[in-house]
Amino acid sequence: MPAPIDYLLERLKSLQAELEAVIDERRKALKYQVVRRRVVFETGVRAQHRAARVKLRDFLARTRLMVVLTTPIIYSLIIPFVLLDLFVTIYQAVCFPVYGIAKVRRRDHIVIDRHMLDYLNGIQKLNCLYCGYCNGILSYAREIAGRTEKYWCPIKHARRIEDAHAHYHGFFDYGDAEAFQAELDSLREQLRQMENKTT
């Protein structure tokens with residue numbers, strides 16, 4: 001891989017670390033911290049949140065009819081999401097040990113915590129549960145697919161793709177047969193080494 005790409009990837013990691021630091025500062029300003037994967041608010045904050053909650057009756061009165069009518073369509077997608085969750089979980093449980101790929105931890109991708117916020121009413125909490133699960137499943141499946149692609153076909157596409165997964169930029173350039181043949185095993189070894197970080 002050319003040096004400029006390595007440099008840019010390092011800069012990207014550095015910027016992500018800076019972003020996380022800014023988010024941590026924002027957490028402090030909003031008076032909460034995460035302790036053993038649980039959110040803990042400072043004293044009095046929950047009472048302020050409860051006071052800010054929009055009553056269910058008022059919430060429904062402000063909701064447009066077309067929004068209500070699309071609700072069954074939105075929630076019907078729970079079936080394919082649960083099936084996706086089941087299938088990718090079985091896939092990685094069976095195949096990843098055979099290939100020597102470190103398994104993806106589901107809990108790193110599916111985060112369901114927004115329903116604990118006291119300023120949300122019951123419908124908003126249900127929506128947050130649903131969105132947290134569905135977006136988490138997509139993230140989880142994407143990481144499993146990304147690791148699979150890194151193992152079997154780590155070659156960049158000839159055309160630019162939008163929002164590539166985390167492994168993509170380390171793939172071999174399109175048309176670089178020499179690098180693919182010479183370094184494929186080293187990329188696969190990276191997938192094995194990930195196991196030490198995730199278990």
# chains A, B, ... in the order shown; residues from 1 in each chain; ligands from 1
call {"tool": "residues_around", "arguments": {"residues": "stretch 139-154 of chain A", "least_positions_apart": "3", "cutoff": "7 Å", "atoms": "only C-alpha atoms", "output": "count of residues only"}}
result
11
call {"tool": "closest_atom_pairs", "arguments": {"of": "stretch 87-197 of chain A", "to": "stretch 56-72 of chain A", "cutoff": "10 Å", "atoms": "only C-alpha atoms", "output": "JSON lines"}}
result
{"residue": "A:Leu120", "atom": "CA", "partner": "A:Leu56", "partner_atom": "CA", "distance": 9.4}
{"residue": "A:Asn121", "atom": "CA", "partner": "A:Leu56", "partner_atom": "CA", "distance": 6.1}
{"residue": "A:Gly122", "atom": "CA", "partner": "A:Leu56", "partner_atom": "CA", "distance": 7.2}
{"residue": "A:Ile123", "atom": "CA", "partner": "A:Leu56", "partner_atom": "CA", "distance": 7.6}
{"residue": "A:Gln124", "atom": "CA", "partner": "A:Leu56", "partner_atom": "CA", "distance": 9.2}
call {"tool": "residues_around", "arguments": {"residues": "A:Phe81", "least_positions_apart": "3", "cutoff": "12 Å", "atoms": "only C-alpha atoms", "output": "count of residues only"}}
result
22
call {"tool": "closest_residue", "arguments": {"among": "A:Ala17, A:Arg38, A:Ala52, A:Leu9", "to": "A:His169", "atoms": "only C-alpha atoms"}}
result
A:Leu9
call {"tool": "select_by_dssp", "arguments": {"residues": "stretch 4-166 of chain A", "states": "strand (DSSP E or B)", "output": "ChimeraX atom specification"}}
result
/A:32-35,38-41,155
call {"tool": "write_last_selection", "arguments": {"atoms": "C-alpha atoms", "output": "compact mmCIF listing (two decimals), in the first residue's frame"}}
result
# COMPACT_ATOMS: atom_id res chain seq x y z
CA TYR A 32 -23.60 11.75 32.83
CA GLN A 33 -20.97 9.08 32.56
CA VAL A 34 -20.93 5.47 31.42
CA VAL A 35 -19.98 3.06 34.18
CA ARG A 38 -24.58 1.70 32.26
CA VAL A 39 -25.40 5.38 32.05
CA VAL A 40 -25.30 7.23 35.37
CA PHE A 41 -26.66 10.78 35.57
CA ILE A 155 -9.39 -5.85 -3.62
call {"tool": "closest_residue", "arguments": {"among": "A:Val45, A:Val111, A:Leu187, A:Ile90", "to": "A:Leu30", "atoms": "only C-alpha atoms"}}
result
A:Val45
call {"tool": "atom_distance", "arguments": {"atom1": "atom CA of A:Leu12", "atom2": "atom CA of A:Asp176"}}
result
24.3 Å
call {"tool": "residues_around", "arguments": {"residues": "A:Gln193", "least_positions_apart": "6", "cutoff": "10 Å", "atoms": "only C-alpha atoms", "output": "list in words"}}
result
Gly100, Ile101, Ala102 and Leu187 of chain A
call {"tool": "atom_distance", "arguments": {"atom1": "atom CA of A:Tyr99", "atom2": "atom CA of A:Ser186"}}
result
13.7 Å
call {"tool": "closest_residue", "arguments": {"among": "A:Glu10, A:Asp108, A:Glu18, A:Asp118", "to": "A:Ala47", "atoms": "only C-alpha atoms"}}
result
A:Asp118
call {"tool": "residues_around", "arguments": {"residues": "A:Lys125", "least_positions_apart": "6", "cutoff": "8 Å", "atoms": "only C-alpha atoms", "output": "PDB file with C-alpha atoms, in the first residue's frame"}}
result
ATOM      1  CA  ARG A 114     -31.894   5.445  24.676  1.00  0.00           C
ATOM      2  CA  HIS A 115     -35.164   3.998  25.994  1.00  0.00           C
ATOM      3  CA  MET A 116     -33.798   4.701  29.504  1.00  0.00           C
ATOM      4  CA  LEU A 117     -34.042   8.459  28.990  1.00  0.00           C
TER       5      LEU A 117
END
call {"tool": "select_by_dssp", "arguments": {"residues": "chain A", "states": "alpha helix (DSSP H)", "output": "ChimeraX atom specification"}}
result
/A:3-29,45-52,56-62,65-76,78-99,122-152,177-198
call {"tool": "atom_distance", "arguments": {"atom1": "atom CA of A:Ala51", "atom2": "atom CA of A:Arg27"}}
result
20.3 Å
